[in-house]
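Colleague: Next up, work09.cif (mmCIF, C-alpha atoms and all ligand atoms).
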```cif
data_final
#
loop_
_atom_site.label_atom_id
_atom_site.label_comp_id
_atom_site.auth_asym_id
_atom_site.auth_seq_id
_atom_site.Cartn_x
_atom_site.Cartn_y
_atom_site.Cartn_z
CA MET X 1 18.94 -0.07 23.17
CA LYS X 2 17.84 -2.99 21.02
CA THR X 3 20.37 -3.85 18.35
CA VAL X 4 20.41 -6.44 15.57
CA THR X 5 23.22 -7.79 13.45
CA ILE X 6 22.40 -8.26 9.79
CA LYS X 7 25.12 -10.04 7.88
CA ASP X 8 28.25 -8.08 8.84
CA LYS X 9 26.67 -4.88 10.20
CA GLU X 10 25.08 -3.75 13.45
CA PHE X 11 21.86 -1.76 13.54
CA SER X 12 19.96 -0.06 16.37
CA ILE X 13 16.21 0.28 16.81
CA PHE X 14 14.96 3.52 15.30
CA ILE X 15 11.17 3.33 14.86
CA SER X 16 8.86 1.01 16.78
CA ALA X 17 6.18 -1.19 15.26
CA ASP X 18 3.51 0.93 16.99
CA GLN X 19 4.85 4.17 15.50
CA ILE X 20 4.89 2.51 12.08
CA GLN X 21 1.26 1.41 12.36
CA GLN X 22 0.15 4.87 13.47
CA ALA X 23 1.90 6.47 10.49
CA VAL X 24 0.32 3.94 8.11
CA GLU X 25 -3.16 4.67 9.45
CA ASN X 26 -2.65 8.41 8.96
CA VAL X 27 -1.72 7.86 5.31
CA ALA X 28 -4.73 5.59 4.74
CA GLU X 29 -7.04 8.19 6.22
CA GLN X 30 -5.76 10.87 3.80
CA ILE X 31 -6.10 8.50 0.86
CA ASN X 32 -9.67 7.54 1.82
CA TRP X 33 -10.56 11.20 1.99
CA ASP X 34 -8.73 12.37 -1.18
CA LEU X 35 -9.49 9.51 -3.53
CA ALA X 36 -13.11 8.70 -2.74
CA GLY X 37 -14.97 8.22 -6.03
CA LYS X 38 -11.76 8.06 -8.09
CA ASN X 39 -11.45 4.26 -8.24
CA PRO X 40 -7.64 4.42 -8.05
CA ILE X 41 -5.22 1.69 -8.99
CA PHE X 42 -2.42 1.15 -6.48
CA LEU X 43 0.91 0.10 -7.99
CA VAL X 44 3.03 -1.52 -5.30
CA VAL X 45 6.73 -1.43 -6.11
CA LEU X 46 8.31 -4.75 -5.15
CA ASN X 47 10.20 -5.86 -3.23
CA GLY X 48 10.58 -3.12 -0.64
CA ALA X 49 6.98 -1.88 -0.43
CA PHE X 50 5.36 -5.25 0.21
CA MET X 51 4.95 -4.79 3.96
CA PHE X 52 3.83 -1.15 3.85
CA ALA X 53 1.34 -2.01 1.11
CA ALA X 54 -0.13 -4.94 3.04
CA ASP X 55 -0.65 -2.77 6.12
CA LEU X 56 -1.85 0.28 4.17
CA MET X 57 -4.42 -1.56 2.11
CA ARG X 58 -6.04 -3.02 5.23
CA HIS X 59 -7.02 0.55 6.12
CA VAL X 60 -8.00 1.77 2.64
CA THR X 61 -11.77 1.48 2.48
CA ILE X 62 -12.56 3.01 -0.94
CA PRO X 63 -13.08 0.91 -4.09
CA CYS X 64 -9.68 0.36 -5.72
CA GLU X 65 -7.44 -2.02 -7.62
CA ILE X 66 -4.10 -3.21 -6.32
CA THR X 67 -1.33 -4.55 -8.48
CA PHE X 68 2.39 -5.19 -8.16
CA ILE X 69 5.28 -4.03 -10.29
CA LYS X 70 9.01 -4.53 -10.35
CA LEU X 71 11.66 -2.31 -11.80
CA SER X 72 13.96 -4.02 -14.21
CA SER X 73 17.33 -2.32 -14.13
CA TYR X 74 19.73 -2.57 -17.02
CA GLU X 75 22.66 -0.60 -18.29
CA GLY X 76 21.51 1.88 -20.91
CA THR X 77 23.16 1.95 -24.30
CA GLN X 78 24.27 5.52 -23.65
CA SER X 79 26.42 6.65 -20.79
CA THR X 80 23.37 7.58 -18.73
CA GLY X 81 23.88 4.73 -16.29
CA VAL X 82 21.19 2.44 -15.02
CA VAL X 83 17.79 2.71 -16.70
CA LYS X 84 14.76 1.39 -14.88
CA GLU X 85 11.61 0.25 -16.63
CA ILE X 86 8.35 -0.92 -15.13
CA PHE X 87 7.92 -4.67 -15.35
CA GLY X 88 4.72 -6.60 -14.76
CA LEU X 89 2.09 -3.90 -15.28
CA ASN X 90 -0.67 -5.66 -17.21
CA GLU X 91 -3.52 -3.32 -16.27
CA SER X 92 -4.25 -0.21 -18.32
CA VAL X 93 -3.56 3.07 -16.56
CA VAL X 94 -5.03 5.22 -19.34
CA ASN X 95 -6.98 8.16 -17.86
CA ARG X 96 -6.72 6.69 -14.39
CA THR X 97 -5.76 7.81 -10.91
CA VAL X 98 -2.62 5.83 -10.11
CA VAL X 99 -1.04 5.66 -6.66
CA VAL X 100 2.54 4.41 -6.66
CA VAL X 101 3.27 2.68 -3.34
CA GLU X 102 6.96 2.78 -2.41
CA ASP X 103 9.02 1.97 0.66
CA ILE X 104 11.34 4.97 0.41
CA VAL X 105 12.11 7.98 -1.74
CA ASP X 106 15.78 8.87 -1.36
CA THR X 107 17.24 10.82 -4.29
CA GLY X 108 13.91 10.53 -6.12
CA ILE X 109 15.59 9.20 -9.27
CA THR X 110 13.71 5.90 -9.14
CA MET X 111 10.37 7.63 -8.57
CA GLU X 112 11.01 10.08 -11.39
CA ARG X 113 11.47 7.15 -13.77
CA ILE X 114 8.29 5.49 -12.56
CA VAL X 115 6.26 8.68 -12.90
CA ASN X 116 7.62 9.41 -16.40
CA SER X 117 6.83 5.89 -17.47
CA LEU X 118 3.25 6.09 -16.14
CA GLN X 119 2.78 9.40 -17.95
CA GLU X 120 3.89 7.74 -21.19
CA LYS X 121 1.38 4.96 -20.53
CA GLY X 122 -1.44 7.50 -20.30
CA ALA X 123 -2.09 7.89 -16.57
CA THR X 124 -3.69 11.27 -15.93
CA ASP X 125 -3.50 11.54 -12.13
CA ILE X 126 -0.27 10.12 -10.72
CA ARG X 127 0.22 10.15 -6.97
CA VAL X 128 2.88 8.74 -4.69
CA ALA X 129 2.45 7.06 -1.33
CA THR X 130 5.83 6.38 0.24
CA PHE X 131 6.50 5.13 3.71
CA PHE X 132 9.79 7.02 4.04
CA LEU X 133 11.17 10.20 2.56
CA LYS X 134 14.72 11.43 3.04
CA PRO X 135 14.16 15.15 2.35
CA ASP X 136 17.88 16.01 2.59
CA SER X 137 18.73 13.55 -0.22
CA LEU X 138 16.00 14.52 -2.66
CA GLN X 139 17.36 15.59 -6.06
CA ARG X 140 14.28 15.35 -8.26
CA GLU X 141 10.88 16.97 -8.36
CA VAL X 142 8.44 14.14 -7.91
CA PRO X 143 4.89 14.03 -6.56
CA LEU X 144 4.95 13.22 -2.84
CA ASN X 145 1.28 13.15 -1.92
CA TYR X 146 1.33 10.73 0.98
CA VAL X 147 4.48 10.47 3.09
CA ALA X 148 4.25 8.40 6.26
CA LEU X 149 7.55 9.43 7.86
CA LYS X 150 10.44 11.78 7.05
CA ILE X 151 13.86 10.63 8.17
CA PRO X 152 17.41 11.97 8.09
CA ASN X 153 19.89 10.74 5.54
CA GLN X 154 20.87 7.49 7.27
CA PHE X 155 20.72 3.88 6.11
CA ILE X 156 17.78 1.96 7.53
CA VAL X 157 16.48 -1.61 7.35
CA GLY X 158 13.31 -3.43 8.32
CA TYR X 159 9.64 -3.19 7.43
CA GLY X 160 10.35 -4.28 3.85
CA LEU X 161 13.69 -2.52 3.47
CA ASP X 162 16.77 -4.71 3.11
CA TYR X 163 20.45 -4.73 3.68
CA ASP X 164 21.89 -6.96 0.98
CA GLY X 165 18.64 -8.92 0.79
CA TYR X 166 18.22 -9.41 4.55
CA GLY X 167 16.15 -7.62 7.17
CA ARG X 168 12.93 -7.11 5.20
CA ASN X 169 10.98 -9.21 7.71
CA LEU X 170 11.79 -7.00 10.72
CA ARG X 171 8.65 -5.34 12.08
CA GLU X 172 10.55 -2.32 13.40
CA ILE X 173 12.92 0.03 11.59
CA TYR X 174 16.62 -0.15 12.42
CA VAL X 175 19.36 2.32 11.61
CA LEU X 176 22.94 1.46 10.76
CA ASN X 177 25.35 2.10 13.62
CA SER X 178 28.09 4.49 12.62
P1 LIG X 201 16.17 6.70 -4.93
O1 LIG X 201 17.52 7.25 -4.58
O2 LIG X 201 16.09 6.38 -6.39
O3 LIG X 201 15.07 7.63 -4.48
O4 LIG X 201 15.98 5.35 -4.12
C1 LIG X 201 16.39 4.15 -4.69
C2 LIG X 201 16.28 2.98 -3.77
O5 LIG X 201 17.34 3.02 -2.84
C3 LIG X 201 15.04 2.81 -2.90
O6 LIG X 201 13.91 2.31 -3.56
C4 LIG X 201 15.56 1.80 -1.90
O7 LIG X 201 15.50 0.51 -2.44
C5 LIG X 201 17.01 2.21 -1.75
N1 LIG X 201 17.24 2.96 -0.49
C6 LIG X 201 17.38 4.30 -0.33
N2 LIG X 201 17.61 4.60 0.97
C7 LIG X 201 17.61 3.42 1.64
C8 LIG X 201 17.80 3.05 3.01
O8 LIG X 201 18.02 3.87 3.92
N3 LIG X 201 17.73 1.72 3.31
C9 LIG X 201 17.49 0.76 2.36
N4 LIG X 201 17.44 -0.50 2.77
N5 LIG X 201 17.32 1.07 1.06
C10 LIG X 201 17.37 2.38 0.71
MG MG X 202 11.66 0.78 -3.23
MG MG X 203 17.40 -2.61 -1.50
#
```
Starting from the file, give its structure as structure tokens.

Modeller:
Amino acid sequence: MKTVTIKDKEFSIFISADQIQQAVENVAEQINWDLAGKNPIFLVVLNGAFMFAADLMRHVTIPCEITFIKLSSYEGTQSTGVVKEIFGLNESVVNRTVVVVEDIVDTGITMERIVNSLQEKGATDIRVATFFLKPDSLQREVPLNYVALKIPNQFIVGYGLDYDGYGRNLREIYVLNS
């Protein structure tokens, strides 16, 4: 079993590069079918989704725009905890089909914030393409139109996902050894 050490933790191989590519192609096929004629704008959520997005967009053949956003986190003035706002979206989303491209939806709290924010900005058709979904962790009702892979509630790294900033460059997915 292939293992890697990232910083102070050991991880084992979980999903191969071939399995990842197959899952990406399946998502692209659905998108090409569903969104033909809709001229969507893809919003890639940095940093984690950079690798998924690069692979996905190579298989998306319909006319579309692609842009990149970050989430700026800051402590809210109330006791609601961390508030995330979209940063770096210069294109108008008014009356548009928007596809949010994410690495992983875990609790769904981040995605809920993104979707609410896009609604406020006037997007009419908001869809989500996420590489991973952890169905057992989901706490929010969010659109989940295109899910490449569903995984159990374990901590993973690779293919854009990091452990403390490291591991994003790995072309396979690794799971934390317990
Ligand atoms: P949420 O809980 O809001 O759906 O997910 C928030 C963020 O937690 C994700 O965008 C991702 O950055 C991080 N995250 C959730 N699960 C994992 C995981 O298994 N591995 C890594 N590296 N990050 C994760
Ligand atoms: Mg993410
Ligand atoms: Mg992270």

Colleague: What would the list of residues within 8 Å of (9.3, 6.6, 6.2) (file frame) look like as a PDB file with C-alpha atoms, keeping the file's coordinate frame, if all atoms listed in the file are what count?

Modeller:
```pdb
ATOM      1  CA  ASP X 103       9.020   1.970   0.660  1.00  0.00           C
ATOM      2  CA  ILE X 104      11.340   4.970   0.410  1.00  0.00           C
ATOM      3  CA  THR X 130       5.830   6.380   0.240  1.00  0.00           C
ATOM      4  CA  PHE X 131       6.500   5.130   3.710  1.00  0.00           C
ATOM      5  CA  PHE X 132       9.790   7.020   4.040  1.00  0.00           C
ATOM      6  CA  LEU X 133      11.170  10.200   2.560  1.00  0.00           C
ATOM      7  CA  LYS X 134      14.720  11.430   3.040  1.00  0.00           C
ATOM      8  CA  VAL X 147       4.480  10.470   3.090  1.00  0.00           C
ATOM      9  CA  ALA X 148       4.250   8.400   6.260  1.00  0.00           C
ATOM     10  CA  LEU X 149       7.550   9.430   7.860  1.00  0.00           C
ATOM     11  CA  LYS X 150      10.440  11.780   7.050  1.00  0.00           C
ATOM     12  CA  ILE X 151      13.860  10.630   8.170  1.00  0.00           C
TER      13      ILE X 151
END
```

Colleague: Can you pull out every residue within 10 Å of Val175 of chain X, counting all atoms listed in the file, but drop anything in the same chain fewer than 6 positions away, and send it as a list in words?

Modeller: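 Listing them by chain and then by number gives Thr3, Val4, Glu10, Phe11, Ser12, Ile13, Phe14, Ile15, Gln154, Phe155, Ile156, Val157 and Gly158 of chain X.
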
Colleague: Output C-alpha atoms for every residue in the selection just made, as a CSV table (one decimal), in the frame of the given file.

Modeller:
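What landed in selection.csv:
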```
chain,number,residue,atom,x,y,z
X,3,THR,CA,20.4,-3.8,18.4
X,4,VAL,CA,20.4,-6.4,15.6
X,10,GLU,CA,25.1,-3.8,13.4
X,11,PHE,CA,21.9,-1.8,13.5
X,12,SER,CA,20.0,-0.1,16.4
X,13,ILE,CA,16.2,0.3,16.8
X,14,PHE,CA,15.0,3.5,15.3
X,15,ILE,CA,11.2,3.3,14.9
X,154,GLN,CA,20.9,7.5,7.3
X,155,PHE,CA,20.7,3.9,6.1
X,156,ILE,CA,17.8,2.0,7.5
X,157,VAL,CA,16.5,-1.6,7.4
X,158,GLY,CA,13.3,-3.4,8.3
```

Colleague: Rank nothing, just name the residue among X:Val98, X:Lys121, X:Val128, X:Ala49 nearest to Glu85 of chain X, using all atoms listed in the file.

Modeller: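 When distances to Glu85 of chain X are compared using all atoms listed in the file, the smallest one comes from X:Lys121.
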
Colleague: Would you pick out the contacts of Val142 of chain X at 8 Å or less, using only C-alpha atoms, so that residues sharing its chain but fewer than 4 positions from it are not included, and give the list as JSON, numbers by chain?

Modeller: {"X": [108, 111, 112, 115]}

Colleague: With distances taken over all atoms listed in the file, which residue among X:Val93, X:Ala23, X:Ala28, X:Met51 lies nearest ligand MG 202 (chain X)?

Modeller: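 For ligand MG 202 (chain X), the nearest of the given residues is X:Met51.
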
Colleague: Just want the residues within 8 Å of ligand MG 203 (chain X), written as a ChimeraX atom specification, counting only C-alpha atoms and all ligand atoms.

Modeller: /X:48,161-165

Colleague: In terms of the shortest atom-to-atom distance over all atoms listed in the file, which of X:Arg140, X:Arg168, X:Arg127, X:Lys84 is closest to Arg113 of chain X?

Modeller: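 Of the candidates, the smallest distance to Arg113 of chain X is held by X:Lys84.
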
Colleague: Find the residue from X:Val105, X:Leu71, X:Ala123, X:Tyr146 that sits nearest to ligand LIG 201 (chain X); use all atoms listed in the file when measuring.

Modeller: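 Answer, going by the shortest atom-to-atom distance: X:Val105.
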
Colleague: List the spatial neighbours of Ser72 of chain X as a list in words - criterion: any atom at most 12 Å away, all atoms listed in the file, same-chain residues fewer than 5 positions off excluded.

Modeller: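 Listed by chain and then number, they are Val45, Leu46, Asn47, Val82, Val83, Lys84, Glu85, Ile86, Phe87, Gly88, Leu89, Thr110, Arg113 and Ile114 of chain X.
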
Colleague: Please, could you write that set of residues out with C-alpha atoms as a compact mmCIF listing (two decimals), keeping the file's coordinate frame?

Modeller:
```txt
# COMPACT_ATOMS: atom_id res chain seq x y z
CA VAL X 45 6.73 -1.43 -6.11
CA LEU X 46 8.31 -4.75 -5.15
CA ASN X 47 10.20 -5.86 -3.23
CA VAL X 82 21.19 2.44 -15.02
CA VAL X 83 17.79 2.71 -16.70
CA LYS X 84 14.76 1.39 -14.88
CA GLU X 85 11.61 0.25 -16.63
CA ILE X 86 8.35 -0.92 -15.13
CA PHE X 87 7.92 -4.67 -15.35
CA GLY X 88 4.72 -6.60 -14.76
CA LEU X 89 2.09 -3.90 -15.28
CA THR X 110 13.71 5.90 -9.14
CA ARG X 113 11.47 7.15 -13.77
CA ILE X 114 8.29 5.49 -12.56
```

Colleague: Val99 of chain X: which residues within 9 Å, counting only C-alpha atoms, same-chain residues fewer than 6 positions away excluded, as a PyMOL selection string?

Modeller: chain X and resi 40-44+125-129

Colleague: Smallest atom-to-atom distance to Asp34 of chain X: which of X:Thr5, X:Ser16, X:Ser137, X:Thr61, using all atoms listed in the file?

Modeller: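 For Asp34 of chain X, the nearest of the candidates is X:Thr61.
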
Colleague: Would you mind telling me which residue in X:Ile31, X:Ile109, X:Leu170, X:Leu176 lies nearest to ligand LIG 201 (chain X) when using all atoms listed in the file?

Modeller: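 Using all atoms listed in the file, the shortest distance to ligand LIG 201 (chain X) belongs to X:Ile109.
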
Colleague: Suppose you want the space between atom CA of Glu120 of chain X and atom O7 of ligand LIG 201 (chain X); what is it in Å?

Modeller: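 Value for the atom CA of Glu120 of chain X-atom O7 of ligand LIG 201 (chain X) distance: 23.2 Å.
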
Colleague: For the atom pair atom CA of Ala17 of chain X and atom CA of Ile173 of chain X, what is the interatomic distance in Å to one decimal place?

Modeller: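 So the answer is 7.8 Å.
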
Colleague: Between atom O6 of ligand LIG 201 (chain X) and atom CA of Ala36 of chain X, what distance in Å does the model show, to one decimal?

Modeller: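 It comes out at 27.8 Å.
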